[in-house]
$ cat input.cif   # mmCIF, C-alpha atoms, pLDDT in the B column; chains and numbers go by the auth columns
data_input
#
loop_
_atom_site.group_PDB
_atom_site.id
_atom_site.type_symbol
_atom_site.label_atom_id
_atom_site.label_comp_id
_atom_site.label_asym_id
_atom_site.label_seq_id
_atom_site.Cartn_x
_atom_site.Cartn_y
_atom_site.Cartn_z
_atom_site.B_iso_or_equiv
_atom_site.auth_seq_id
_atom_site.auth_asym_id
ATOM 1 C CA MET A 1 91.698 141.303 37.244 90.00 1 A
ATOM 2 C CA PRO A 2 91.962 138.924 40.243 95.00 2 A
ATOM 3 C CA LEU A 3 95.345 138.156 41.782 97.00 3 A
ATOM 4 C CA ALA A 4 96.484 134.655 42.676 97.00 4 A
ATOM 5 C CA ARG A 5 99.609 134.276 44.795 97.00 5 A
ATOM 6 C CA ILE A 6 100.959 130.747 44.378 97.00 6 A
ATOM 7 C CA ILE A 7 103.295 129.168 46.920 97.00 7 A
ATOM 8 C CA GLY A 8 105.276 126.338 45.372 95.00 8 A
ATOM 9 C CA GLN A 9 107.305 126.096 42.204 90.00 9 A
ATOM 10 C CA GLY A 10 106.902 122.409 41.445 92.00 10 A
ATOM 11 C CA ARG A 11 104.909 120.942 38.580 94.00 11 A
ATOM 12 C CA ALA A 12 101.488 121.804 39.999 95.00 12 A
ATOM 13 C CA GLY A 13 102.351 125.355 41.016 96.00 13 A
ATOM 14 C CA ARG A 14 104.079 126.229 37.754 96.00 14 A
ATOM 15 C CA SER A 15 101.328 124.593 35.673 97.00 15 A
ATOM 16 C CA LEU A 16 98.643 126.581 37.482 97.00 16 A
ATOM 17 C CA ALA A 17 100.617 129.823 37.201 97.00 17 A
ATOM 18 C CA LEU A 18 100.917 129.464 33.422 97.00 18 A
ATOM 19 C CA ALA A 19 97.282 128.432 32.995 97.00 19 A
ATOM 20 C CA LEU A 20 95.826 131.228 35.138 97.00 20 A
ATOM 21 C CA ALA A 21 97.900 133.809 33.260 96.00 21 A
ATOM 22 C CA GLU A 22 96.251 132.534 30.072 93.00 22 A
ATOM 23 C CA GLY A 23 92.896 132.866 31.856 90.00 23 A
ATOM 24 C CA ASP A 24 93.387 136.605 32.522 89.00 24 A
ATOM 25 C CA TRP A 25 94.429 136.338 36.164 96.00 25 A
ATOM 26 C CA GLN A 26 97.357 138.165 37.678 96.00 26 A
ATOM 27 C CA VAL A 27 99.810 135.655 39.092 97.00 27 A
ATOM 28 C CA GLU A 28 102.635 135.945 41.606 96.00 28 A
ATOM 29 C CA THR A 29 104.746 132.991 42.689 96.00 29 A
ATOM 30 C CA LEU A 30 106.647 132.323 45.890 96.00 30 A
ATOM 31 C CA GLY A 31 109.044 129.579 46.878 89.00 31 A
ATOM 32 C CA ARG A 32 109.121 127.846 50.248 77.00 32 A
ATOM 33 C CA SER A 33 112.306 129.772 51.096 85.00 33 A
ATOM 34 C CA ASP A 34 110.508 133.126 50.708 92.00 34 A
ATOM 35 C CA ASP A 35 108.886 134.991 53.599 93.00 35 A
ATOM 36 C CA LEU A 36 105.377 133.543 53.442 95.00 36 A
ATOM 37 C CA SER A 37 103.859 135.309 56.419 94.00 37 A
ATOM 38 C CA SER A 38 102.239 138.031 54.310 94.00 38 A
ATOM 39 C CA ALA A 39 101.292 135.797 51.367 95.00 39 A
ATOM 40 C CA ALA A 40 97.559 136.284 51.992 95.00 40 A
ATOM 41 C CA GLN A 41 97.809 140.085 52.040 94.00 41 A
ATOM 42 C CA GLY A 42 96.620 141.964 48.960 94.00 42 A
ATOM 43 C CA ALA A 43 95.688 138.900 46.914 96.00 43 A
ATOM 44 C CA ASP A 44 92.329 137.379 46.080 97.00 44 A
ATOM 45 C CA VAL A 45 93.585 133.845 46.614 98.00 45 A
ATOM 46 C CA CYS A 46 96.713 132.341 48.117 98.00 46 A
ATOM 47 C CA VAL A 47 97.326 128.877 46.660 98.00 47 A
ATOM 48 C CA VAL A 48 99.484 126.459 48.641 97.00 48 A
ATOM 49 C CA ALA A 49 100.774 124.304 45.771 96.00 49 A
ATOM 50 C CA THR A 50 103.305 122.216 47.704 94.00 50 A
ATOM 51 C CA PRO A 51 103.491 118.480 48.460 92.00 51 A
ATOM 52 C CA ASP A 52 100.609 117.371 50.669 94.00 52 A
ATOM 53 C CA GLY A 53 102.750 116.761 53.731 93.00 53 A
ATOM 54 C CA GLY A 54 103.820 120.402 53.982 93.00 54 A
ATOM 55 C CA ILE A 55 100.488 122.150 53.409 96.00 55 A
ATOM 56 C CA ALA A 56 99.438 122.427 57.051 96.00 56 A
ATOM 57 C CA ASP A 57 102.804 123.817 58.134 95.00 57 A
ATOM 58 C CA ILE A 58 102.787 126.454 55.395 95.00 58 A
ATOM 59 C CA ALA A 59 99.175 127.434 56.095 96.00 59 A
ATOM 60 C CA ALA A 60 100.114 127.955 59.736 96.00 60 A
ATOM 61 C CA VAL A 61 102.907 130.358 58.751 95.00 61 A
ATOM 62 C CA ILE A 62 100.621 132.508 56.587 96.00 62 A
ATOM 63 C CA GLU A 63 99.104 135.329 58.605 95.00 63 A
ATOM 64 C CA PRO A 64 95.337 135.684 58.131 91.00 64 A
ATOM 65 C CA GLY A 65 94.496 138.285 55.508 89.00 65 A
ATOM 66 C CA GLY A 66 91.891 139.036 52.917 87.00 66 A
ATOM 67 C CA ALA A 67 92.771 136.177 50.578 96.00 67 A
ATOM 68 C CA VAL A 68 91.069 132.835 50.299 97.00 68 A
ATOM 69 C CA VAL A 69 93.705 130.233 51.206 98.00 69 A
ATOM 70 C CA MET A 70 93.507 127.242 48.870 98.00 70 A
ATOM 71 C CA HIS A 71 95.271 123.936 48.331 98.00 71 A
ATOM 72 C CA LEU A 72 95.394 121.623 45.313 97.00 72 A
ATOM 73 C CA ALA A 73 95.509 118.333 47.221 96.00 73 A
ATOM 74 C CA GLY A 74 93.042 115.626 46.312 95.00 74 A
ATOM 75 C CA SER A 75 93.288 113.583 49.498 95.00 75 A
ATOM 76 C CA LEU A 76 93.253 116.371 52.116 96.00 76 A
ATOM 77 C CA GLY A 77 90.315 118.242 53.587 96.00 77 A
ATOM 78 C CA LEU A 78 90.079 121.931 54.316 97.00 78 A
ATOM 79 C CA ASP A 79 91.051 121.478 57.974 96.00 79 A
ATOM 80 C CA VAL A 80 94.747 121.557 57.037 96.00 80 A
ATOM 81 C CA LEU A 81 94.299 125.223 56.086 97.00 81 A
ATOM 82 C CA ALA A 82 93.172 126.286 59.570 90.00 82 A
ATOM 83 C CA PRO A 83 93.034 128.841 61.121 88.00 83 A
ATOM 84 C CA HIS A 84 92.112 130.757 57.950 95.00 84 A
ATOM 85 C CA GLN A 85 88.442 131.682 57.735 94.00 85 A
ATOM 86 C CA HIS A 86 88.080 131.412 53.986 97.00 86 A
ATOM 87 C CA ARG A 87 89.530 128.071 52.847 97.00 87 A
ATOM 88 C CA ALA A 88 89.161 126.262 49.541 98.00 88 A
ATOM 89 C CA GLY A 89 90.327 123.191 47.700 97.00 89 A
ATOM 90 C CA MET A 90 90.677 122.755 43.952 98.00 90 A
ATOM 91 C CA HIS A 91 92.095 119.409 42.855 97.00 91 A
ATOM 92 C CA PRO A 92 92.735 119.094 39.104 97.00 92 A
ATOM 93 C CA LEU A 93 91.603 115.623 38.025 97.00 93 A
ATOM 94 C CA MET A 94 94.392 115.292 35.504 93.00 94 A
ATOM 95 C CA SER A 95 98.076 114.503 35.190 88.00 95 A
ATOM 96 C CA LEU A 96 100.541 117.415 35.256 90.00 96 A
ATOM 97 C CA PRO A 97 103.862 115.926 34.083 88.00 97 A
ATOM 98 C CA ASP A 98 105.580 119.291 33.553 93.00 98 A
ATOM 99 C CA ALA A 99 104.631 122.962 33.564 94.00 99 A
ATOM 100 C CA GLU A 100 103.880 123.346 29.850 94.00 100 A
ATOM 101 C CA ARG A 101 101.907 120.128 29.434 95.00 101 A
ATOM 102 C CA GLY A 102 100.271 120.709 32.784 95.00 102 A
ATOM 103 C CA ALA A 103 99.065 124.172 31.812 96.00 103 A
ATOM 104 C CA ALA A 104 97.639 122.794 28.575 96.00 104 A
ATOM 105 C CA GLN A 105 95.802 120.096 30.547 95.00 105 A
ATOM 106 C CA LEU A 106 94.421 122.656 32.992 97.00 106 A
ATOM 107 C CA LEU A 107 93.010 124.668 30.089 96.00 107 A
ATOM 108 C CA ASP A 108 91.583 121.676 28.216 94.00 108 A
ATOM 109 C CA ASN A 109 88.010 121.551 29.566 94.00 109 A
ATOM 110 C CA GLY A 110 89.164 119.401 32.477 95.00 110 A
ATOM 111 C CA TRP A 111 87.432 118.361 35.682 97.00 111 A
ATOM 112 C CA PHE A 112 88.176 119.825 39.110 98.00 112 A
ATOM 113 C CA ALA A 113 87.125 118.613 42.561 98.00 113 A
ATOM 114 C CA VAL A 114 86.202 121.738 44.531 98.00 114 A
ATOM 115 C CA ALA A 115 85.316 122.683 48.094 97.00 115 A
ATOM 116 C CA GLY A 116 84.946 125.898 50.059 97.00 116 A
ATOM 117 C CA SER A 117 84.538 126.707 53.745 96.00 117 A
ATOM 118 C CA SER A 118 82.348 129.755 53.015 96.00 118 A
ATOM 119 C CA ASP A 119 80.262 131.200 50.218 97.00 119 A
ATOM 120 C CA HIS A 120 83.069 133.613 49.438 96.00 120 A
ATOM 121 C CA ALA A 121 85.646 130.809 49.195 97.00 121 A
ATOM 122 C CA THR A 122 83.340 128.681 47.064 97.00 122 A
ATOM 123 C CA ASP A 123 82.573 131.560 44.701 97.00 123 A
ATOM 124 C CA LEU A 124 86.271 132.259 44.242 97.00 124 A
ATOM 125 C CA VAL A 125 87.279 128.674 43.531 97.00 125 A
ATOM 126 C CA LEU A 126 84.436 128.391 41.003 98.00 126 A
ATOM 127 C CA ALA A 127 85.621 131.613 39.361 97.00 127 A
ATOM 128 C CA MET A 128 89.087 130.102 39.063 97.00 128 A
ATOM 129 C CA VAL A 129 87.694 126.941 37.466 98.00 129 A
ATOM 130 C CA ALA A 130 85.696 129.115 35.046 97.00 130 A
ATOM 131 C CA ALA A 131 88.825 131.086 34.127 96.00 131 A
ATOM 132 C CA LEU A 132 90.498 127.781 33.255 97.00 132 A
ATOM 133 C CA GLY A 133 87.518 126.761 31.124 96.00 133 A
ATOM 134 C CA GLY A 134 86.975 123.714 33.319 97.00 134 A
ATOM 135 C CA ARG A 135 84.166 121.655 34.776 98.00 135 A
ATOM 136 C CA HIS A 136 83.722 120.916 38.452 98.00 136 A
ATOM 137 C CA PHE A 137 82.083 118.714 41.062 98.00 137 A
ATOM 138 C CA PRO A 138 81.910 119.208 44.846 97.00 138 A
ATOM 139 C CA ILE A 139 83.879 116.885 47.110 96.00 139 A
ATOM 140 C CA ALA A 140 83.196 116.585 50.843 94.00 140 A
ATOM 141 C CA ASP A 141 86.070 116.100 53.266 93.00 141 A
ATOM 142 C CA HIS A 142 84.855 112.652 54.333 94.00 142 A
ATOM 143 C CA ALA A 143 84.895 111.430 50.704 96.00 143 A
ATOM 144 C CA ARG A 144 88.310 112.738 49.757 95.00 144 A
ATOM 145 C CA ALA A 145 90.350 109.609 50.499 95.00 145 A
ATOM 146 C CA ALA A 146 88.066 107.413 48.366 97.00 146 A
ATOM 147 C CA TYR A 147 87.962 110.030 45.606 97.00 147 A
ATOM 148 C CA HIS A 148 91.746 110.321 45.558 96.00 148 A
ATOM 149 C CA ALA A 149 92.127 106.536 45.545 96.00 149 A
ATOM 150 C CA ALA A 150 89.939 106.427 42.423 97.00 150 A
ATOM 151 C CA ALA A 151 92.076 109.135 40.824 96.00 151 A
ATOM 152 C CA THR A 152 95.270 107.245 41.658 95.00 152 A
ATOM 153 C CA ILE A 153 93.884 104.037 40.165 96.00 153 A
ATOM 154 C CA ALA A 154 92.758 105.917 37.038 95.00 154 A
ATOM 155 C CA SER A 155 96.139 107.570 36.454 93.00 155 A
ATOM 156 C CA ASN A 156 99.050 105.940 38.274 94.00 156 A
ATOM 157 C CA HIS A 157 97.767 102.368 38.254 96.00 157 A
ATOM 158 C CA THR A 158 96.788 102.633 34.607 96.00 158 A
ATOM 159 C CA THR A 159 100.307 103.848 33.828 95.00 159 A
ATOM 160 C CA ALA A 160 101.763 100.891 35.743 97.00 160 A
ATOM 161 C CA LEU A 161 99.493 98.515 33.807 97.00 161 A
ATOM 162 C CA LEU A 162 100.606 100.001 30.499 98.00 162 A
ATOM 163 C CA GLY A 163 104.177 99.452 31.640 98.00 163 A
ATOM 164 C CA GLN A 164 103.353 95.742 31.786 98.00 164 A
ATOM 165 C CA VAL A 165 101.911 95.941 28.268 98.00 165 A
ATOM 166 C CA GLU A 166 105.219 97.451 27.113 98.00 166 A
ATOM 167 C CA ARG A 167 107.269 94.680 28.723 98.00 167 A
ATOM 168 C CA VAL A 168 105.146 91.743 27.553 98.00 168 A
ATOM 169 C CA ALA A 169 104.814 93.184 24.042 98.00 169 A
ATOM 170 C CA ALA A 170 108.592 93.643 23.851 97.00 170 A
ATOM 171 C CA ALA A 171 109.092 90.009 24.858 96.00 171 A
ATOM 172 C CA ALA A 172 106.852 89.027 21.940 97.00 172 A
ATOM 173 C CA GLY A 173 108.745 91.321 19.546 98.00 173 A
ATOM 174 C CA VAL A 174 105.747 93.609 19.010 98.00 174 A
ATOM 175 C CA PRO A 175 105.998 97.443 19.263 98.00 175 A
ATOM 176 C CA PHE A 176 103.991 99.083 22.024 98.00 176 A
ATOM 177 C CA GLU A 177 102.563 101.568 19.500 98.00 177 A
ATOM 178 C CA ALA A 178 100.554 98.764 17.944 98.00 178 A
ATOM 179 C CA PHE A 179 98.547 98.436 21.161 98.00 179 A
ATOM 180 C CA VAL A 180 97.701 102.130 21.542 97.00 180 A
ATOM 181 C CA PRO A 181 94.523 102.028 19.393 97.00 181 A
ATOM 182 C CA LEU A 182 93.349 98.999 21.381 98.00 182 A
ATOM 183 C CA ILE A 183 93.980 100.860 24.641 97.00 183 A
ATOM 184 C CA THR A 184 92.223 104.051 23.571 97.00 184 A
ATOM 185 C CA GLY A 185 89.366 102.078 22.051 98.00 185 A
ATOM 186 C CA SER A 186 88.857 100.205 25.325 97.00 186 A
ATOM 187 C CA VAL A 187 88.788 103.467 27.275 97.00 187 A
ATOM 188 C CA ASN A 188 86.272 104.935 24.845 97.00 188 A
ATOM 189 C CA ASN A 189 84.100 101.837 25.143 98.00 189 A
ATOM 190 C CA VAL A 190 84.082 102.094 28.936 97.00 190 A
ATOM 191 C CA ALA A 191 83.184 105.786 28.685 96.00 191 A
ATOM 192 C CA ALA A 192 80.264 104.964 26.389 98.00 192 A
ATOM 193 C CA LEU A 193 79.021 101.696 27.875 97.00 193 A
ATOM 194 C CA GLY A 194 80.424 101.293 31.383 97.00 194 A
ATOM 195 C CA ALA A 195 83.120 98.819 32.402 97.00 195 A
ATOM 196 C CA ALA A 196 80.934 95.711 32.614 97.00 196 A
ATOM 197 C CA ALA A 197 79.409 96.116 29.150 97.00 197 A
ATOM 198 C CA ALA A 198 82.758 97.063 27.603 97.00 198 A
ATOM 199 C CA LEU A 199 84.615 93.956 28.831 97.00 199 A
ATOM 200 C CA THR A 200 85.736 91.605 26.039 96.00 200 A
ATOM 201 C CA GLY A 201 88.337 88.854 25.810 96.00 201 A
ATOM 202 C CA PRO A 202 88.862 85.470 27.468 97.00 202 A
ATOM 203 C CA VAL A 203 87.515 86.392 30.912 97.00 203 A
ATOM 204 C CA SER A 204 84.271 87.759 29.459 96.00 204 A
ATOM 205 C CA ARG A 205 83.639 84.543 27.523 96.00 205 A
ATOM 206 C CA GLY A 206 84.901 82.137 30.205 95.00 206 A
ATOM 207 C CA ASP A 207 87.823 80.913 28.095 97.00 207 A
ATOM 208 C CA GLU A 208 90.011 79.301 30.759 97.00 208 A
ATOM 209 C CA ALA A 209 92.208 77.492 28.216 98.00 209 A
ATOM 210 C CA THR A 210 93.383 80.796 26.752 98.00 210 A
ATOM 211 C CA LEU A 211 94.055 82.193 30.221 97.00 211 A
ATOM 212 C CA ASP A 212 96.209 79.148 30.964 97.00 212 A
ATOM 213 C CA ARG A 213 98.207 79.708 27.773 97.00 213 A
ATOM 214 C CA HIS A 214 98.799 83.289 28.856 98.00 214 A
ATOM 215 C CA ARG A 215 100.112 82.095 32.227 97.00 215 A
ATOM 216 C CA GLU A 216 102.515 79.692 30.535 97.00 216 A
ATOM 217 C CA ALA A 217 103.830 82.417 28.231 97.00 217 A
ATOM 218 C CA LEU A 218 104.378 85.112 30.863 97.00 218 A
ATOM 219 C CA ASP A 219 107.531 85.559 32.906 96.00 219 A
ATOM 220 C CA LEU A 220 107.061 84.660 36.547 97.00 220 A
ATOM 221 C CA ASP A 221 107.477 88.269 37.679 97.00 221 A
ATOM 222 C CA GLU A 222 104.542 89.320 35.467 98.00 222 A
ATOM 223 C CA LEU A 223 102.090 86.739 36.811 97.00 223 A
ATOM 224 C CA GLU A 224 101.086 88.464 40.044 97.00 224 A
ATOM 225 C CA LEU A 225 99.702 91.538 38.286 97.00 225 A
ATOM 226 C CA TYR A 226 98.132 89.437 35.531 98.00 226 A
ATOM 227 C CA GLU A 227 96.316 87.214 38.055 98.00 227 A
ATOM 228 C CA ALA A 228 95.115 90.218 40.054 97.00 228 A
ATOM 229 C CA LEU A 229 93.587 91.723 36.925 97.00 229 A
ATOM 230 C CA VAL A 230 91.942 88.434 35.930 97.00 230 A
ATOM 231 C CA VAL A 231 90.245 88.481 39.352 97.00 231 A
ATOM 232 C CA ALA A 232 89.237 92.121 38.808 97.00 232 A
ATOM 233 C CA ALA A 233 87.872 91.348 35.327 97.00 233 A
ATOM 234 C CA ARG A 234 85.787 88.480 36.693 97.00 234 A
ATOM 235 C CA LYS A 235 84.028 90.946 39.008 96.00 235 A
ATOM 236 C CA LEU A 236 82.600 92.612 35.885 96.00 236 A
ATOM 237 C CA ARG A 237 80.894 89.448 34.671 89.00 237 A
ATOM 238 C CA PRO A 238 77.195 89.025 35.520 82.00 238 A
#
$ encode --input "input.cif" --output "structure tokens"
Amino acid sequence: MPLARIIGQGRAGRSLALALAEGDWQVETLGRSDDLSSAAQGADVCVVATPDGGIADIAAVIEPGGAVVMHLAGSLGLDVLAPHQHRAGMHPLMSLPDAERGAAQLLDNGWFAVAGSSDHATDLVLAMVAALGGRHFPIADHARAAYHAAATIASNHTTALLGQVERVAAAAGVPFEAFVPLITGSVNNVAALGAAAALTGPVSRGDEATLDRHREALDLDELELYEALVVAARKLRP
């Protein structure tokens, strides 16, 4: 049974610890206040599951050992794990809001962006993905910033957009729950058809009069986001 030693007790670290235990891995956890110098000794993988800004500093404290040293950051390359020979990255392409929900997401046939500095590191990170029952795709260091931007748009920006739906719906006296089937249906349509083919509504049919009525109805502090998304929607038209 492989051993993962996880540094970091935030949402990502605790989610991964719970999920790997379900996937028949041994798991040990360490906090940033623990002595981390020997964290790579006697383990198969040492996972640095801390905020991105601290990964390089923690990797530098860890003395080289037999373990693959891995991070979970989407936007960072493997260089931040130097000077370790066997380095890996495994970014879960999912939202981990808390440990329990995060573990369930990690075990739910999810996607992972993976990279390894050696065959050994790559084999280990793929074994970890397999233990989680996940799917994977390789991500090169030079593509990480663009990849992570796409992930941020997909998750955080979508959440911000839905916050606007909540506010505007409330102003109209309509419960947000009524819009959830429309939201999920739109996502499913994009998944099946692509964004351009899935676009409906006033922008898709060139209905400027309806767009003007929307502008008149919206509070001034909602207009900037609305206008930005009208511009984005127009890019999908042929």
$ resolve_selection --input "input.cif" --expression "the PyMOL selection byres ((chain A and resi 83) around 12)" --output "PyMOL selection string"
chain A and resi 56-65+68-69+78-82+84-87+117
$ closest_residue --input "input.cif" --among "A:Val27, A:Leu107, A:Ile7, A:Ala192" --to "Ala130 of chain A" --atoms "all atoms listed in the file"
A:Leu107
$ closest_residue --input "input.cif" --among "A:Val47, A:Asp221, A:Ser95, A:Leu236" --to "Arg167 of chain A" --atoms "only C-alpha atoms"
A:Asp221
$ closest_residue --input "input.cif" --among "A:Ala115, A:Ala149, A:Ala19, A:Leu3" --to "Leu132 of chain A" --atoms "only C-alpha atoms"
A:Ala19
$ closest_residue --input "input.cif" --among "A:Ala170, A:Val187, A:Ala131, A:Met94" --to "Met1 of chain A" --atoms "only C-alpha atoms"
A:Ala131
$ residues_around --input "input.cif" --residues "Leu124 of chain A" --least-positions-apart "6" --cutoff "9 Å" --atoms "only C-alpha atoms" --output "number ranges by chain"
A: 44-45, 68, 88, 116
$ axis_aligned_box --input "input.cif" --around "segment 61-80 of chain A" --padding-each-side "4 Å" --output "AutoDock Vina command-line options"
--center_x 96.5 --center_y 126.3 --center_z 52.0 --size_x 20.8 --size_y 33.5 --size_z 21.4
$ atom_distance --input "input.cif" --atom1 "atom CA of Ala145 of chain A" --atom2 "atom CA of Val48 of chain A"
19.3 Å
$ decode --input "input.cif" --residues "segment 26-99 of chain A" --atoms "C-alpha atoms" --output "PDB file, in the first residue's frame"
ATOM      1  CA  GLN A  26      -1.743   5.169   3.507  1.00  0.00           C
ATOM      2  CA  VAL A  27      -1.877   8.842   4.407  1.00  0.00           C
ATOM      3  CA  GLU A  28       0.088  10.971   6.855  1.00  0.00           C
ATOM      4  CA  THR A  29      -0.479  14.695   7.268  1.00  0.00           C
ATOM      5  CA  LEU A  30       1.838  17.459   8.407  1.00  0.00           C
ATOM      6  CA  GLY A  31       1.233  21.104   9.178  1.00  0.00           C
ATOM      7  CA  ARG A  32       3.526  23.960   8.200  1.00  0.00           C
ATOM      8  CA  SER A  33       4.623  24.246  11.845  1.00  0.00           C
ATOM      9  CA  ASP A  34       5.933  20.652  11.843  1.00  0.00           C
ATOM     10  CA  ASP A  35       9.541  19.728  11.070  1.00  0.00           C
ATOM     11  CA  LEU A  36       9.310  19.224   7.311  1.00  0.00           C
ATOM     12  CA  SER A  37      12.939  18.461   6.578  1.00  0.00           C
ATOM     13  CA  SER A  38      12.415  14.692   6.563  1.00  0.00           C
ATOM     14  CA  ALA A  39       8.983  14.735   4.901  1.00  0.00           C
ATOM     15  CA  ALA A  40      10.292  12.959   1.787  1.00  0.00           C
ATOM     16  CA  GLN A  41      11.879  10.120   3.769  1.00  0.00           C
ATOM     17  CA  GLY A  42      10.071   6.780   3.812  1.00  0.00           C
ATOM     18  CA  ALA A  43       7.095   7.869   1.714  1.00  0.00           C
ATOM     19  CA  ASP A  44       6.205   7.195  -1.898  1.00  0.00           C
ATOM     20  CA  VAL A  45       5.030  10.751  -2.469  1.00  0.00           C
ATOM     21  CA  CYS A  46       5.296  13.978  -0.513  1.00  0.00           C
ATOM     22  CA  VAL A  47       2.458  16.326  -1.476  1.00  0.00           C
ATOM     23  CA  VAL A  48       2.914  20.041  -0.836  1.00  0.00           C
ATOM     24  CA  ALA A  49      -0.747  21.053  -0.492  1.00  0.00           C
ATOM     25  CA  THR A  50      -0.251  24.657   0.634  1.00  0.00           C
ATOM     26  CA  PRO A  51      -1.155  27.990  -0.991  1.00  0.00           C
ATOM     27  CA  ASP A  52       0.787  28.532  -4.208  1.00  0.00           C
ATOM     28  CA  GLY A  53       2.969  31.298  -2.820  1.00  0.00           C
ATOM     29  CA  GLY A  54       4.554  29.038  -0.203  1.00  0.00           C
ATOM     30  CA  ILE A  55       5.253  25.934  -2.292  1.00  0.00           C
ATOM     31  CA  ALA A  56       8.791  26.833  -3.351  1.00  0.00           C
ATOM     32  CA  ASP A  57       9.849  27.720   0.188  1.00  0.00           C
ATOM     33  CA  ILE A  58       8.491  24.459   1.593  1.00  0.00           C
ATOM     34  CA  ALA A  59      10.054  22.386  -1.190  1.00  0.00           C
ATOM     35  CA  ALA A  60      13.402  23.981  -0.379  1.00  0.00           C
ATOM     36  CA  VAL A  61      13.110  22.922   3.271  1.00  0.00           C
ATOM     37  CA  ILE A  62      12.396  19.278   2.408  1.00  0.00           C
ATOM     38  CA  GLU A  63      15.603  17.274   2.233  1.00  0.00           C
ATOM     39  CA  PRO A  64      15.875  15.107  -0.893  1.00  0.00           C
ATOM     40  CA  GLY A  65      14.726  11.557  -0.240  1.00  0.00           C
ATOM     41  CA  GLY A  66      13.094   8.679  -2.005  1.00  0.00           C
ATOM     42  CA  ALA A  67       9.677  10.290  -2.388  1.00  0.00           C
ATOM     43  CA  VAL A  68       8.284  12.021  -5.422  1.00  0.00           C
ATOM     44  CA  VAL A  69       7.630  15.627  -4.368  1.00  0.00           C
ATOM     45  CA  MET A  70       4.318  16.860  -5.765  1.00  0.00           C
ATOM     46  CA  HIS A  71       2.201  19.998  -5.704  1.00  0.00           C
ATOM     47  CA  LEU A  72      -1.488  20.548  -6.454  1.00  0.00           C
ATOM     48  CA  ALA A  73      -1.162  24.001  -8.016  1.00  0.00           C
ATOM     49  CA  GLY A  74      -2.744  24.621 -11.386  1.00  0.00           C
ATOM     50  CA  SER A  75      -0.770  27.715 -12.346  1.00  0.00           C
ATOM     51  CA  LEU A  76       2.744  26.658 -11.270  1.00  0.00           C
ATOM     52  CA  GLY A  77       5.273  24.524 -13.100  1.00  0.00           C
ATOM     53  CA  LEU A  78       7.496  21.852 -11.647  1.00  0.00           C
ATOM     54  CA  ASP A  79      10.449  24.231 -11.262  1.00  0.00           C
ATOM     55  CA  VAL A  80       9.101  25.412  -7.895  1.00  0.00           C
ATOM     56  CA  LEU A  81       9.838  21.932  -6.521  1.00  0.00           C
ATOM     57  CA  ALA A  82      13.573  22.114  -7.271  1.00  0.00           C
ATOM     58  CA  PRO A  83      16.047  20.730  -6.318  1.00  0.00           C
ATOM     59  CA  HIS A  84      14.134  17.440  -6.015  1.00  0.00           C
ATOM     60  CA  GLN A  85      14.862  14.985  -8.809  1.00  0.00           C
ATOM     61  CA  HIS A  86      11.438  13.403  -8.986  1.00  0.00           C
ATOM     62  CA  ARG A  87       8.814  16.167  -9.176  1.00  0.00           C
ATOM     63  CA  ALA A  88       5.147  15.978 -10.105  1.00  0.00           C
ATOM     64  CA  GLY A  89       2.047  18.099 -10.369  1.00  0.00           C
ATOM     65  CA  MET A  90      -1.550  16.964  -9.995  1.00  0.00           C
ATOM     66  CA  HIS A  91      -4.134  19.736 -10.218  1.00  0.00           C
ATOM     67  CA  PRO A  92      -7.725  18.635  -9.530  1.00  0.00           C
ATOM     68  CA  LEU A  93      -9.972  20.374 -12.064  1.00  0.00           C
ATOM     69  CA  MET A  94     -12.781  20.781  -9.574  1.00  0.00           C
ATOM     70  CA  SER A  95     -13.928  22.906  -6.666  1.00  0.00           C
ATOM     71  CA  LEU A  96     -13.017  21.759  -3.143  1.00  0.00           C
ATOM     72  CA  PRO A  97     -15.175  23.896  -0.819  1.00  0.00           C
ATOM     73  CA  ASP A  98     -14.501  21.802   2.298  1.00  0.00           C
ATOM     74  CA  ALA A  99     -12.825  18.513   3.164  1.00  0.00           C
TER      75      ALA A  99
END
